[in-house]
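Read through the structure below, which is laid out as structure tokens, and then see the notes.
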Amino acid sequence: MNFLRLPFLVKLTMVTISIIGLGYLLALGQSILAPFFLAFLMAMLFLPAATFMERRLRFPRSISTMTSVFVMLAILAGIIYFFGSQLSDFSKDLPHLREQVTTVFNNLQHWISKTFNVKIDEQLDYINQGLNKLLSSSGVILGFTFGIFSSGFGFIVFFTLFFIFILNYRRILNNFIVTVFNEKHKASVQEVVTEIRVMTKKYIFGLCLQVLIVSILSSIVLTVLGVKYAILLAVLTGLLNVIPYLGICISLLISCFIAFATGTPSTCVYVAIGYIAIHIIDGNIVLPFVVGSKVKINALFSFIGIILGEHLWGIAGMFLCIPAIAIIKIIFERVEGLKPWGKLLGEEEKPNKKKKSYKISKNITLKEMD
């Protein structure tokens, strides 16, 4: 039965049922699929290094794999140590921070009372109502916090194991993907596999550069403005910026709160202006040259992907949604009946510009996957 010759309503029904079923399976397998997909992305990033160790340094595959794992874990341990030490210093300043927040809050109360003629007692009633609602849900908050820490350890364990397996058995996985399809589609399948590998490697590398650049710009702005914990907030901003659109807003609120609590309201305003400037630079200069050329997805489906990713896989889904959509887009563009969907996910083609063909040497790919 030819799918393309079916009536539109039948095709729409089949696509809808397939999407619902796939979404249910993705939500059901969150604890396995999320670390597996992240391990796949990182394995593609470390693939050139592993290939270099095997071909140039004559390392056995197991040794090159374990070396890549140790390098990755060392980087992860460095990030955890940095945040741990910074948060330790932050916790020591909590009493002083609490006093500053109280002082600023009292000044804000008097300003609201004089400006809007709202009595302080009425303000306290509003705040107490909000606190009662917050405390009534403290059990949920504690359970959520415990779930993050308990599931985080399992996530790292599964991620490390999948990373080892993917790097060590990459040749078997590549041969399976290529040979499982019909012989006449072998060249197309190999091209898709190659393009996905190249795209993921360049995307992750570009993303790391973007995190570094945004962190440096944020640290400069916060240090010049004299905001405390400037380095911690800058690195947090760079990491959260990986989440398109929402990440910069979350980091902006956190930085403005710290600036407001430890400084003056004018400092908070300057921080907001500085973050807006950083976002403009990132969106118009850094992103197009570092990341945008690797993953061309329009803003609408990027935002939809973030929402669906958070709904299916939580915070991990918000980070992984963009490369997942990019892989789906590459597959759709190579399948005859799904090409319109691939164009729907991509950006609008600008006129008067010749579209560059994407050609990759198959021999190089096979050698790198061996």
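Ordering of the structure tokens sets the chain letters (A, B, ...); residue numbers start at 1 within each chain; ligands are numbered from 1 in the order shown.
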
Can you list every residue of segment 260-282 of chain A that has an atom at most 9 Å from segment 207-215 of chain A, with its nearest atom pair and the distance in Å to one decimal, using only C-alpha atoms, ordered by chain then number, as a Markdown table?
| residue | atom | partner | partner_atom | distance |
| --- | --- | --- | --- | --- |
| A:Ile278 | CA | A:Val214 | CA | 7.3 |
| A:His279 | CA | A:Val214 | CA | 8.6 |
| A:Asp282 | CA | A:Val214 | CA | 7.2 |

Tell me, in Å to one decimal, how far atom CA of Arg197 of chain A is from atom CA of Met44 of chain A.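 Result for atom CA of Arg197 of chain A versus atom CA of Met44 of chain A: 6.1 Å, one decimal.
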
With distances taken over only C-alpha atoms, the candidate from A:Ala50, A:Ile315, A:Ile80, A:Ile156 nearest Met66 of chain A is A:Ala50

Show which residues sit within 7 Å of segment 40-42 of chain A, as an NGL selection string. Count only C-alpha atoms, and ignore same-chain residues fewer than 5 positions away. :A and (163 or 166 or 200)
